[in-house]
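Dumped start32.txt below, it's compact mmCIF, C-alpha atoms:
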```
# COMPACT_ATOMS: atom_id res chain seq x y z
CA MET B 1 0.00 0.00 0.00
CA THR B 2 1.45 3.37 -1.03
CA THR B 3 1.35 6.51 1.12
CA PRO B 4 -1.53 8.12 -0.85
CA LEU B 5 -3.60 4.93 -0.66
CA LEU B 6 -2.98 4.65 3.07
CA TYR B 7 -3.88 8.33 3.49
CA PHE B 8 -7.27 7.82 1.83
CA PHE B 9 -7.82 4.60 3.77
CA ILE B 10 -7.37 6.41 7.10
CA LEU B 11 -9.30 9.47 5.92
CA GLY B 12 -12.24 7.24 4.99
CA ASP B 13 -12.19 5.71 8.47
CA VAL B 14 -12.04 9.06 10.30
CA LEU B 15 -14.14 11.36 8.11
CA GLY B 16 -17.47 9.79 8.81
CA ALA B 17 -20.85 9.88 10.41
CA GLY B 18 -20.07 11.31 13.85
CA VAL B 19 -20.12 14.95 12.84
CA TYR B 20 -23.47 14.52 11.07
CA VAL B 21 -25.22 13.76 14.35
CA LEU B 22 -23.05 15.29 17.08
CA VAL B 23 -22.57 18.95 16.09
CA GLY B 24 -25.79 19.84 17.87
CA GLN B 25 -24.79 17.96 21.02
CA ILE B 26 -21.41 19.72 21.00
CA ALA B 27 -23.22 23.06 20.75
CA ALA B 28 -25.35 22.09 23.75
CA GLU B 29 -22.19 21.41 25.76
CA SER B 30 -19.92 24.22 24.61
CA GLY B 31 -22.10 27.04 23.31
CA GLY B 32 -21.87 28.73 19.92
CA ALA B 33 -18.13 28.23 19.35
CA VAL B 34 -18.58 24.65 18.15
CA TRP B 35 -15.32 24.77 16.22
CA VAL B 36 -13.23 25.13 19.40
CA PRO B 37 -13.95 21.65 20.87
CA LEU B 38 -13.48 20.17 17.39
CA LEU B 39 -10.06 21.79 17.13
CA VAL B 40 -9.06 20.73 20.65
CA ALA B 41 -10.22 17.17 19.90
CA LEU B 42 -8.01 17.17 16.78
CA LEU B 43 -4.96 18.28 18.75
CA LEU B 44 -5.51 15.65 21.44
CA SER B 45 -6.07 12.98 18.79
CA LEU B 46 -2.73 13.88 17.20
CA LEU B 47 -0.97 13.18 20.51
CA THR B 48 -2.29 9.64 20.68
CA ALA B 49 -1.81 9.21 16.92
CA ALA B 50 1.90 9.88 17.43
CA SER B 51 2.04 7.00 19.91
CA TYR B 52 0.28 4.72 17.44
CA ALA B 53 2.73 5.84 14.74
CA GLU B 54 5.71 4.89 16.90
CA LEU B 55 4.32 1.49 17.87
CA ALA B 56 2.96 0.64 14.41
CA THR B 57 6.32 1.32 12.75
CA LYS B 58 8.21 -0.38 15.57
CA TYR B 59 6.00 -3.48 15.48
CA PRO B 60 4.43 -3.47 11.98
CA ARG B 61 1.94 -6.29 12.37
CA ALA B 62 -1.81 -6.56 12.85
CA GLY B 63 -3.13 -6.52 16.40
CA GLY B 64 -3.25 -2.86 17.32
CA ALA B 65 -3.78 -1.70 20.89
CA SER B 66 -4.27 -5.22 22.23
CA HIS B 67 -0.90 -6.31 20.84
CA TYR B 68 0.90 -3.23 22.16
CA ALA B 69 -0.65 -3.58 25.63
CA THR B 70 0.31 -7.26 25.67
CA LEU B 71 3.94 -6.43 24.83
CA ALA B 72 4.12 -3.77 27.52
CA TYR B 73 1.97 -5.21 30.31
CA GLY B 74 1.17 -8.84 29.54
CA PRO B 75 -1.75 -10.81 28.08
CA PHE B 76 -4.30 -9.84 30.76
CA THR B 77 -4.00 -6.11 30.03
CA GLY B 78 -3.84 -6.87 26.33
CA PHE B 79 -7.16 -8.70 26.60
CA VAL B 80 -8.77 -5.79 28.48
CA ALA B 81 -7.58 -3.39 25.76
CA GLY B 82 -9.00 -5.62 23.04
CA PHE B 83 -12.28 -6.05 24.91
CA CYS B 84 -12.64 -2.28 25.34
CA MET B 85 -12.08 -1.87 21.59
CA LEU B 86 -14.78 -4.47 20.93
CA ALA B 87 -17.21 -2.83 23.36
CA ALA B 88 -16.51 0.60 21.89
CA GLY B 89 -17.45 -0.68 18.45
CA ILE B 90 -20.72 -2.14 19.72
CA VAL B 91 -21.57 1.11 21.52
CA SER B 92 -20.72 3.12 18.39
CA VAL B 93 -23.17 1.12 16.28
CA ALA B 94 -25.83 1.72 18.94
CA ALA B 95 -25.19 5.48 18.84
CA LEU B 96 -25.42 5.55 15.05
CA ALA B 97 -28.65 3.55 15.13
CA ARG B 98 -30.11 6.26 17.37
CA GLY B 99 -28.74 8.91 15.04
CA PHE B 100 -30.31 7.22 12.02
CA ALA B 101 -33.71 7.41 13.73
CA GLY B 102 -33.45 11.18 14.29
CA ASP B 103 -34.36 14.27 12.30
CA TYR B 104 -32.71 13.10 9.08
CA LEU B 105 -35.14 10.19 8.83
CA THR B 106 -38.03 12.36 10.02
CA ALA B 107 -37.64 14.37 6.81
CA PHE B 108 -39.15 11.33 5.08
CA VAL B 109 -41.20 9.51 7.69
CA SER B 110 -41.83 9.64 11.43
CA LEU B 111 -41.44 6.28 13.16
CA PRO B 112 -40.71 5.08 16.73
CA VAL B 113 -37.01 4.96 17.53
CA VAL B 114 -37.25 1.36 18.70
CA CYS B 115 -38.71 0.18 15.39
CA VAL B 116 -36.19 2.15 13.32
CA ALA B 117 -33.23 0.89 15.35
CA ALA B 118 -34.41 -2.72 15.07
CA VAL B 119 -34.92 -2.62 11.29
CA PHE B 120 -31.73 -0.59 10.73
CA LEU B 121 -29.53 -2.97 12.73
CA CYS B 122 -31.09 -6.08 11.20
CA ALA B 123 -30.47 -4.72 7.69
CA LEU B 124 -26.83 -3.98 8.53
CA ALA B 125 -26.40 -7.44 10.07
CA LEU B 126 -27.76 -9.11 6.93
CA LEU B 127 -25.42 -7.09 4.71
CA ASN B 128 -22.52 -7.91 7.03
CA ALA B 129 -23.40 -11.61 6.91
CA ARG B 130 -23.64 -11.58 3.12
CA GLY B 131 -19.93 -10.92 2.81
CA ILE B 132 -17.18 -8.39 3.35
CA SER B 133 -16.55 -7.87 -0.36
CA GLU B 134 -20.10 -6.64 -0.92
CA SER B 135 -19.89 -4.47 2.19
CA THR B 136 -16.60 -2.85 1.24
CA ARG B 137 -17.75 -2.10 -2.31
CA LEU B 138 -20.78 -0.37 -0.87
CA ASN B 139 -18.50 1.51 1.51
CA VAL B 140 -16.52 3.11 -1.33
CA ALA B 141 -19.62 4.67 -2.83
CA ALA B 142 -21.02 5.66 0.56
CA THR B 143 -17.75 7.32 1.60
CA VAL B 144 -17.85 9.52 -1.51
CA VAL B 145 -21.43 10.49 -0.67
CA GLU B 146 -20.74 11.34 2.99
CA VAL B 147 -17.62 13.38 2.23
CA GLY B 148 -19.54 15.19 -0.49
CA GLY B 149 -22.26 15.98 2.03
CA LEU B 150 -19.80 17.66 4.40
CA LEU B 151 -18.27 19.68 1.57
CA LEU B 152 -21.79 20.66 0.50
CA VAL B 153 -22.49 22.01 3.98
CA VAL B 154 -19.30 24.08 3.88
CA GLY B 155 -20.19 25.41 0.42
CA LEU B 156 -23.72 26.31 1.48
CA GLY B 157 -22.34 28.09 4.52
CA VAL B 158 -20.01 30.18 2.36
CA TRP B 159 -22.96 31.05 0.09
CA LEU B 160 -25.03 32.04 3.12
CA PHE B 161 -22.24 34.30 4.41
CA LEU B 162 -21.66 35.92 1.02
CA ARG B 163 -25.26 37.00 0.81
CA GLY B 164 -24.93 38.69 4.19
CA ASP B 165 -26.66 36.19 6.46
CA GLY B 166 -25.28 34.44 9.52
CA ASP B 167 -24.08 35.62 12.91
CA PHE B 168 -20.30 35.48 13.34
CA GLY B 169 -20.62 36.61 16.93
CA ARG B 170 -21.66 33.09 17.91
CA LEU B 171 -18.22 31.82 16.85
CA VAL B 172 -16.60 33.30 19.96
CA HIS B 173 -19.34 32.41 22.42
CA LEU B 174 -18.09 29.71 24.78
CA GLY B 175 -19.98 28.42 27.78
CA THR B 176 -23.59 27.84 28.73
CA ALA B 177 -25.85 28.97 31.54
CA GLU B 178 -24.59 26.04 33.63
CA THR B 179 -20.87 25.94 32.74
CA GLY B 180 -18.02 28.36 32.20
CA ALA B 181 -15.82 28.53 29.12
CA ALA B 182 -13.16 26.03 30.20
CA ALA B 183 -15.63 23.38 31.35
CA ALA B 184 -17.71 23.95 28.21
CA VAL B 185 -14.72 23.35 25.94
CA LEU B 186 -13.73 20.15 27.74
CA GLY B 187 -17.30 18.86 27.81
CA GLY B 188 -17.68 19.53 24.11
CA THR B 189 -14.29 17.98 23.39
CA VAL B 190 -15.39 14.65 24.88
CA LEU B 191 -18.17 14.50 22.28
CA ALA B 192 -16.03 15.96 19.48
CA TYR B 193 -13.43 13.25 20.13
CA TYR B 194 -15.95 10.73 18.80
CA SER B 195 -15.67 12.31 15.35
CA PHE B 196 -11.95 11.48 15.15
CA VAL B 197 -12.03 7.84 16.22
CA GLY B 198 -11.20 5.33 13.52
CA PHE B 199 -7.55 6.23 13.00
CA GLU B 200 -6.56 3.61 15.58
CA THR B 201 -7.71 0.73 13.34
CA SER B 202 -5.24 1.73 10.62
CA VAL B 203 -2.36 0.09 12.49
CA ASN B 204 -3.64 -3.24 11.22
CA VAL B 205 -2.51 -2.38 7.68
CA ALA B 206 0.85 -0.87 8.63
CA GLU B 207 2.67 -4.08 7.73
CA GLU B 208 1.15 -3.94 4.25
CA THR B 209 2.58 -0.46 3.61
CA ARG B 210 5.71 0.31 1.62
CA ASP B 211 8.33 1.67 4.00
CA PRO B 212 6.01 1.96 7.06
CA ARG B 213 8.55 4.12 8.95
CA ARG B 214 8.00 6.98 6.50
CA SER B 215 4.62 6.24 4.93
CA TYR B 216 2.50 5.48 7.98
CA PRO B 217 3.16 8.64 10.04
CA ARG B 218 2.73 10.86 6.97
CA ALA B 219 -0.55 9.22 5.99
CA LEU B 220 -1.85 9.14 9.57
CA PHE B 221 -1.10 12.76 10.46
CA GLY B 222 -2.16 13.98 7.02
CA ALA B 223 -5.51 12.21 7.21
CA LEU B 224 -6.22 13.47 10.73
CA VAL B 225 -5.34 17.06 9.84
CA THR B 226 -7.50 16.88 6.71
CA ALA B 227 -10.46 15.50 8.65
CA GLY B 228 -9.91 18.10 11.38
CA ALA B 229 -9.89 20.94 8.85
CA VAL B 230 -13.18 19.74 7.36
CA TYR B 231 -14.74 19.34 10.81
CA VAL B 232 -13.64 22.79 11.96
CA LEU B 233 -15.06 24.34 8.79
CA VAL B 234 -18.33 22.46 9.32
CA GLY B 235 -18.41 23.66 12.94
CA ILE B 236 -17.85 27.28 11.90
CA VAL B 237 -20.54 27.11 9.23
CA ALA B 238 -23.07 25.40 11.49
CA SER B 239 -22.52 27.79 14.39
CA ALA B 240 -22.62 30.99 12.32
CA SER B 241 -25.57 29.84 10.20
CA VAL B 242 -27.95 28.44 12.82
CA PRO B 243 -28.88 29.81 16.28
CA THR B 244 -27.18 27.80 19.01
CA GLU B 245 -30.48 26.81 20.62
CA THR B 246 -31.80 25.43 17.32
CA LEU B 247 -28.55 23.57 16.66
CA ALA B 248 -28.48 22.09 20.15
CA GLY B 249 -32.08 20.91 19.90
CA SER B 250 -31.71 19.08 16.60
CA SER B 251 -30.73 15.44 16.07
CA GLY B 252 -30.01 16.38 12.44
CA PRO B 253 -27.95 19.56 13.00
CA LEU B 254 -26.43 19.87 9.53
CA LEU B 255 -29.92 19.71 8.05
CA GLU B 256 -30.60 23.00 9.83
CA VAL B 257 -27.71 24.58 7.90
CA VAL B 258 -29.19 23.34 4.62
CA LYS B 259 -32.58 24.80 5.53
CA GLU B 260 -31.05 28.17 6.43
CA ALA B 261 -28.98 28.38 3.24
CA GLY B 262 -31.66 27.16 0.84
CA GLY B 263 -30.97 26.01 -2.70
CA VAL B 264 -30.70 22.31 -1.82
CA PRO B 265 -33.79 20.20 -1.08
CA PRO B 266 -33.69 19.18 2.62
CA LYS B 267 -34.75 15.65 1.68
CA LEU B 268 -31.73 15.29 -0.61
CA PHE B 269 -29.35 16.24 2.17
CA SER B 270 -31.23 14.05 4.64
CA PHE B 271 -30.65 11.13 2.29
CA ILE B 272 -26.92 11.94 2.16
CA ALA B 273 -26.77 12.08 5.96
CA LEU B 274 -28.61 8.76 6.30
CA VAL B 275 -26.12 7.15 3.90
CA ALA B 276 -23.25 8.54 5.99
CA VAL B 277 -24.70 7.24 9.25
CA ALA B 278 -25.50 3.83 7.77
CA ASN B 279 -22.01 3.53 6.27
CA GLY B 280 -20.35 4.37 9.57
CA ALA B 281 -22.47 1.80 11.37
CA LEU B 282 -21.76 -0.85 8.72
CA LEU B 283 -17.98 -0.42 8.88
CA THR B 284 -17.97 -0.43 12.67
CA GLY B 285 -20.27 -3.46 12.74
CA ILE B 286 -17.91 -5.37 10.45
CA MET B 287 -14.95 -4.50 12.68
CA SER B 288 -16.79 -5.47 15.87
CA SER B 289 -18.07 -8.80 14.60
CA ARG B 290 -14.66 -9.80 13.19
CA LEU B 291 -12.92 -8.77 16.42
CA ALA B 292 -15.40 -10.83 18.45
CA TYR B 293 -14.84 -13.78 16.09
CA GLY B 294 -11.06 -13.47 16.38
CA MET B 295 -11.14 -13.28 20.17
CA ALA B 296 -13.44 -16.31 20.33
CA ARG B 297 -11.15 -18.24 17.98
CA ASP B 298 -8.26 -17.49 20.34
CA GLY B 299 -10.27 -18.80 23.29
CA LEU B 300 -10.84 -15.37 24.83
CA LEU B 301 -14.61 -15.28 24.26
CA PRO B 302 -17.22 -18.10 24.15
CA HIS B 303 -16.51 -20.60 21.39
CA PHE B 304 -19.98 -20.40 19.79
CA LEU B 305 -19.01 -16.98 18.42
CA THR B 306 -16.74 -18.75 15.91
CA SER B 307 -19.71 -20.28 14.03
CA LEU B 308 -19.64 -19.50 10.29
CA LEU B 309 -22.26 -19.56 7.56
CA PRO B 310 -21.56 -22.67 5.43
CA ARG B 311 -21.45 -20.94 2.06
CA ARG B 312 -20.60 -17.34 2.87
CA ARG B 313 -18.01 -18.19 5.57
CA THR B 314 -19.04 -15.09 7.52
CA PRO B 315 -19.19 -15.20 11.35
CA TRP B 316 -22.98 -15.22 11.77
CA ALA B 317 -22.85 -15.88 15.52
CA SER B 318 -20.54 -12.93 16.19
CA ILE B 319 -22.61 -10.71 13.89
CA THR B 320 -25.81 -11.72 15.68
CA ALA B 321 -24.35 -11.23 19.16
CA THR B 322 -22.80 -7.83 18.48
CA THR B 323 -25.94 -6.62 16.69
CA ALA B 324 -28.17 -7.72 19.57
CA LEU B 325 -25.97 -5.91 22.09
CA SER B 326 -26.00 -2.76 19.96
CA PHE B 327 -29.80 -2.89 19.84
CA LEU B 328 -30.07 -3.25 23.62
CA LEU B 329 -27.69 -0.34 24.13
CA ALA B 330 -29.61 1.79 21.63
CA LEU B 331 -32.64 1.44 23.89
CA THR B 332 -30.81 2.64 27.00
CA GLY B 333 -29.44 6.07 26.09
CA ASP B 334 -29.43 8.96 23.66
CA VAL B 335 -26.76 9.65 21.04
CA ALA B 336 -24.70 11.92 23.30
CA THR B 337 -24.63 9.41 26.18
CA LEU B 338 -23.67 6.52 23.93
CA ALA B 339 -21.00 8.59 22.15
CA SER B 340 -19.52 9.63 25.50
CA THR B 341 -19.48 5.99 26.62
CA LEU B 342 -17.58 5.01 23.48
CA VAL B 343 -15.08 7.81 24.06
CA LEU B 344 -14.56 6.72 27.68
CA LEU B 345 -13.79 3.15 26.58
CA LEU B 346 -11.36 4.39 23.94
CA LEU B 347 -9.70 6.69 26.46
CA VAL B 348 -8.81 3.58 28.47
CA VAL B 349 -7.33 2.01 25.34
CA PHE B 350 -5.50 5.19 24.34
CA PHE B 351 -4.06 5.60 27.85
CA LEU B 352 -2.63 2.07 27.62
CA VAL B 353 -1.19 2.78 24.16
CA ASN B 354 0.42 6.06 25.23
CA THR B 355 2.01 4.49 28.29
CA ALA B 356 3.02 1.38 26.31
CA VAL B 357 5.18 3.64 24.13
CA LEU B 358 7.17 4.68 27.19
CA VAL B 359 7.43 1.14 28.58
CA GLN B 360 8.57 -0.28 25.22
CA ARG B 361 11.36 2.27 24.86
CA ARG B 362 13.44 -0.41 26.63
CA ASP B 363 13.05 -2.54 23.49
CA ARG B 364 15.34 -1.35 20.69
CA PRO B 365 14.72 -3.37 17.52
CA ALA B 366 17.26 -3.27 14.72
CA ARG B 367 14.79 -1.83 12.19
CA PRO B 368 14.43 1.97 12.10
CA HIS B 369 11.06 3.35 13.15
CA PHE B 370 9.22 6.58 13.83
CA ARG B 371 9.94 7.95 17.29
CA ALA B 372 7.82 10.61 18.99
CA TYR B 373 9.30 13.12 21.42
CA THR B 374 8.96 11.69 24.93
CA ALA B 375 6.69 14.54 25.96
CA VAL B 376 4.12 13.53 23.31
CA PRO B 377 3.01 10.15 24.77
CA VAL B 378 3.16 11.68 28.25
CA LEU B 379 0.82 14.47 27.17
CA GLY B 380 -1.30 11.92 25.31
CA ALA B 381 -1.76 9.85 28.48
CA LEU B 382 -2.54 12.96 30.53
CA SER B 383 -5.08 14.10 27.94
CA CYS B 384 -6.89 10.77 28.32
CA VAL B 385 -7.08 11.27 32.08
CA LEU B 386 -8.27 14.87 31.64
CA LEU B 387 -11.07 13.96 29.24
CA ALA B 388 -12.12 11.03 31.45
CA THR B 389 -12.63 13.45 34.35
CA GLN B 390 -15.08 15.43 32.21
CA THR B 391 -17.33 12.44 31.65
CA ASP B 392 -20.74 12.36 33.35
CA GLY B 393 -21.49 9.96 36.17
CA GLU B 394 -24.07 8.04 34.10
CA VAL B 395 -21.45 7.43 31.43
CA TRP B 396 -18.92 6.33 34.02
CA ILE B 397 -21.38 3.76 35.39
CA ARG B 398 -21.89 2.33 31.90
CA GLY B 399 -18.17 2.33 31.19
CA LEU B 400 -17.20 0.73 34.49
CA ILE B 401 -19.72 -2.06 33.96
CA VAL B 402 -18.20 -2.82 30.56
CA ILE B 403 -14.64 -2.66 31.92
CA ALA B 404 -15.63 -4.94 34.84
CA VAL B 405 -16.97 -7.51 32.37
CA GLY B 406 -13.71 -7.27 30.43
CA VAL B 407 -11.64 -7.74 33.59
CA ALA B 408 -13.72 -10.78 34.59
CA LEU B 409 -13.41 -12.39 31.15
CA GLY B 410 -9.69 -11.59 31.13
CA ALA B 411 -9.27 -13.35 34.46
CA VAL B 412 -11.11 -16.41 33.13
CA ALA B 413 -8.93 -16.42 30.02
CA ALA B 414 -5.81 -16.18 32.20
CA VAL B 415 -6.90 -19.23 34.21
CA HIS B 416 -7.50 -21.20 31.02
CA ARG B 417 -4.03 -20.23 29.73
CA ARG B 418 -2.39 -21.43 32.93
CA LYS B 419 -4.26 -24.75 32.78
CA ALA B 420 -3.37 -25.21 29.12
CA SER B 421 0.33 -24.48 29.62
CA PRO B 422 2.54 -27.54 30.32
```
Let me see the structure of the file written as structure tokens.
Amino acid sequence: MTTPLLYFFILGDVLGAGVYVLVGQIAAESGGAVWVPLLVALLLSLLTAASYAELATKYPRAGGASHYATLAYGPFTGFVAGFCMLAAGIVSVAALARGFAGDYLTAFVSLPVVCVAAVFLCALALLNARGISESTRLNVAATVVEVGGLLLVVGLGVWLFLRGDGDFGRLVHLGTAETGAAAAVLGGTVLAYYSFVGFETSVNVAEETRDPRRSYPRALFGALVTAGAVYVLVGIVASASVPTETLAGSSGPLLEVVKEAGGVPPKLFSFIALVAVANGALLTGIMSSRLAYGMARDGLLPHFLTSLLPRRRTPWASITATTALSFLLALTGDVATLASTLVLLLLVVFFLVNTAVLVQRRDRPARPHFRAYTAVPVLGALSCVLLATQTDGEVWIRGLIVIAVGVALGAVAAVHRRKASP
């Protein structure tokens, strides 16, 4: 894989559905200056991305955070990291199912969230079970559509500004009636962080890249900066175009920009947004089901999850289990709560990755690799702790339950390993 191909691969993973549904929630947390939490989230993501770049070029093989945590801390911690990644994927699909049932769908038809989530998740599961080749071909077309939708929003915003509409004063308004500026930025950053997740899965293709030491960091940082620039522009346009209260109250916030600007049928943009949300959920569902299958095959999860369809050879049991869990989670919280839960789980993973960089500095392989300044993984780990402290109590309860399940399963797996060893 060349550097440009890897760049577009990572960009496709990062530049996705999150911003379509979360801009309004970020506005509710931070006030009118939506672009500020998006920019802060980009900068914090780059810190952890640097740690991934060092480890991926130092150990260019599939496995990601679980592999790095295992090298640094042992198989138990590696299992917990992998389980948190799996749980984060399941929670992400649940959040996107809720997002699909929001205002974008209401532009066509008004249906109960429960019914929409059930049909949506079943359709994705069937497509997932049909085969990864069909799913990935669909992803290419859907990625073009969702990126085009974001660029359309930016273009409409520019048109709106040129004709003299919009309120640029909202771009510097930070804080809400309940929180000051600093707390508002951090609260919004927790949600904005969700829009940048996806880059961490790219480590699994590092070994398939020509000259990973040079190509991977360039592609990774370039893709994140590109996605961040698009997100910041979208945040500026949304905030200046639409009153903060309207933005915060909408589950289809970018649709409000389209309505304000005019010139594009709202139903057309709603269709684009629904494609973006569905594509994000499909990709994450594929990742989650394959990760569950792989962990079950390695004896880390129940063996029945390794069951395959006879002809398609797709892991139907893992697809069914992860889809069912996503549906149950979709019934228990709104988009913002589920997105914050996902971020909390990934913060645990990212903390382990950032600290693993420092621990593995004792290992000096012969091959050259990218090396971050020591302060970068330190700041990356501290940023994970800082964002975790800004997470609501309800989210912490959800996250701790998931982590406790992971710890329990990890302990069981450790016992089995000891019994299996001679």
**Request:** Give me, please, the distance in Å between atom CA of Pro60 of chain B and atom CA of Pro377 of chain B, quoted to one decimal.
**Result:** 18.7 Å
**Asked** In Å, how far is it from atom CA of Ala219 of chain B to atom CA of Val203 of chain B?
**Response** 11.4 Å
**Near-segment 24-36 of chain B list (9 Å; all atoms listed in the file; drop same-chain fewer than 5 positions) as number ranges by chain** = B: 41, 169-176, 179-192, 231-236, 238-240, 243-254, 335-336
**Item:** Residue nearest Val357 of chain B - candidates B:Val14, B:Ala97, B:Leu22, B:Ala49, atoms counted: all atoms listed in the file
**Value:**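 Comparing B:Val14, B:Ala97, B:Leu22, B:Ala49 against Val357 of chain B, the winner is B:Ala49.
Here atom CA of Val258 of chain B is placed at a distance of 28.9 Å from atom CA of Val91 of chain B.
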Please provide as a PDB file with C-alpha atoms, in the frame of the given file all residues within 7 Å of Phe199 of chain B, with the sequence filter that same-chain residues fewer than 2 positions apart are discarded (counting all atoms listed in the file).
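Output file part_0.pdb follows:
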```
ATOM      1  CA  ILE B  10      -7.370   6.410   7.100  1.00  0.00           C
ATOM      2  CA  ASP B  13     -12.190   5.710   8.470  1.00  0.00           C
ATOM      3  CA  VAL B  14     -12.040   9.060  10.300  1.00  0.00           C
ATOM      4  CA  VAL B 197     -12.030   7.840  16.220  1.00  0.00           C
ATOM      5  CA  THR B 201      -7.710   0.730  13.340  1.00  0.00           C
ATOM      6  CA  SER B 202      -5.240   1.730  10.620  1.00  0.00           C
TER       7      SER B 202
END
```
**Prompt:** Which is closer to Arg364 of chain B than all the others in B:Phe196, B:Tyr59, B:Phe9, B:Phe269, using all atoms listed in the file?
**Reply:**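 Ranked by minimum distance to Arg364 of chain B, first place goes to B:Tyr59.
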Around (4.1, -0.5, 17.2), as given in the file, which residues come within 9 Å? Count only C-alpha atoms and list them as a short mmCIF file (atom, residue, chain, number, x, y, z; two decimals) with C-alpha atoms, in the frame of the given file.
```
data_model
loop_
_atom_site.label_atom_id
_atom_site.label_comp_id
_atom_site.auth_asym_id
_atom_site.auth_seq_id
_atom_site.Cartn_x
_atom_site.Cartn_y
_atom_site.Cartn_z
CA SER B 51 2.04 7.00 19.91
CA TYR B 52 0.28 4.72 17.44
CA ALA B 53 2.73 5.84 14.74
CA GLU B 54 5.71 4.89 16.90
CA LEU B 55 4.32 1.49 17.87
CA ALA B 56 2.96 0.64 14.41
CA THR B 57 6.32 1.32 12.75
CA LYS B 58 8.21 -0.38 15.57
CA TYR B 59 6.00 -3.48 15.48
CA PRO B 60 4.43 -3.47 11.98
CA ARG B 61 1.94 -6.29 12.37
CA GLY B 64 -3.25 -2.86 17.32
CA ALA B 65 -3.78 -1.70 20.89
CA HIS B 67 -0.90 -6.31 20.84
CA TYR B 68 0.90 -3.23 22.16
CA VAL B 203 -2.36 0.09 12.49
CA VAL B 357 5.18 3.64 24.13
CA HIS B 369 11.06 3.35 13.15
#
```
Given all atoms listed in the file, how would the per-residue table for segment 43-133 of chain B near segment 290-300 of chain B read, listing every residue at most 10 Å away with its closest atom pair and distance in Å to one decimal, sorted by chain and number, as a Markdown table?
```
| residue | atom | partner | partner_atom | distance |
| --- | --- | --- | --- | --- |
| B:Phe79 | CA | B:Leu300 | CA | 7.8 |
| B:Gly82 | CA | B:Leu291 | CA | 8.3 |
| B:Phe83 | CA | B:Ala292 | CA | 8.6 |
| B:Met85 | CA | B:Leu291 | CA | 8.7 |
| B:Leu86 | CA | B:Leu291 | CA | 6.5 |
| B:Ala87 | CA | B:Ala292 | CA | 9.6 |
| B:Gly89 | CA | B:Leu291 | CA | 9.5 |
```
**Message:** Around the point (-17.4, 2.4, 7.2) (coordinates from the file), which residues reach within 10 Å if we count all atoms listed in the file? Answer as a PyMOL selection string.
**Reply:** chain B and resi 12-17+135-136+138-140+142-143+198+276-287
**Item:** Spatial neighbours of Pro217 of chain B, 8 Å, all atoms listed in the file, chain gap at least 4 places, as a list of chain:residue names
**Value:**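 The neighbour list is B:Ala50, B:Ala53, B:Pro212, B:Arg213, B:Phe221, B:Phe370.
Distances here use only C-alpha atoms; by that measure, the residue among B:Leu224, B:Leu358, B:Leu301, B:Ala123 closest to Val412 of chain B is B:Leu301.
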All file atoms of segment 116-126 of chain B boxed axis-aligned, 6 Å per side, centre plus edges, as AutoDock Vina command-line options:
```
--center_x -31.3 --center_y -3.5 --center_z 11.1 --size_x 21.8 --size_y 23.3 --size_z 20.4
```
**Item:** From B:Ala273, B:Ala72, B:Ala381, B:Leu331, residue lying nearest Val113 of chain B [only C-alpha atoms]
**Value:** B:Leu331
**Using all atoms listed in the file: which of B:Val359, B:Val21, B:Ile319, B:Leu39 has the shortest distance to Ala229 of chain B** = B:Leu39
**Message:** Using only C-alpha atoms, can you tell me which of B:Ile272, B:Leu43, B:Ala317, B:Val154 comes closest to Asn128 of chain B?
**Reply:**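 Comparing B:Ile272, B:Leu43, B:Ala317, B:Val154 against Asn128 of chain B, the winner is B:Ala317.
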**Request:** Excluding Ser289 of chain B and residues on its chain fewer than 5 positions from it, collect all residues at most 8 Å away from it, counting all atoms listed in the file, and give them as a ChimeraX atom specification.
**Result:** /B:315,318-319,322
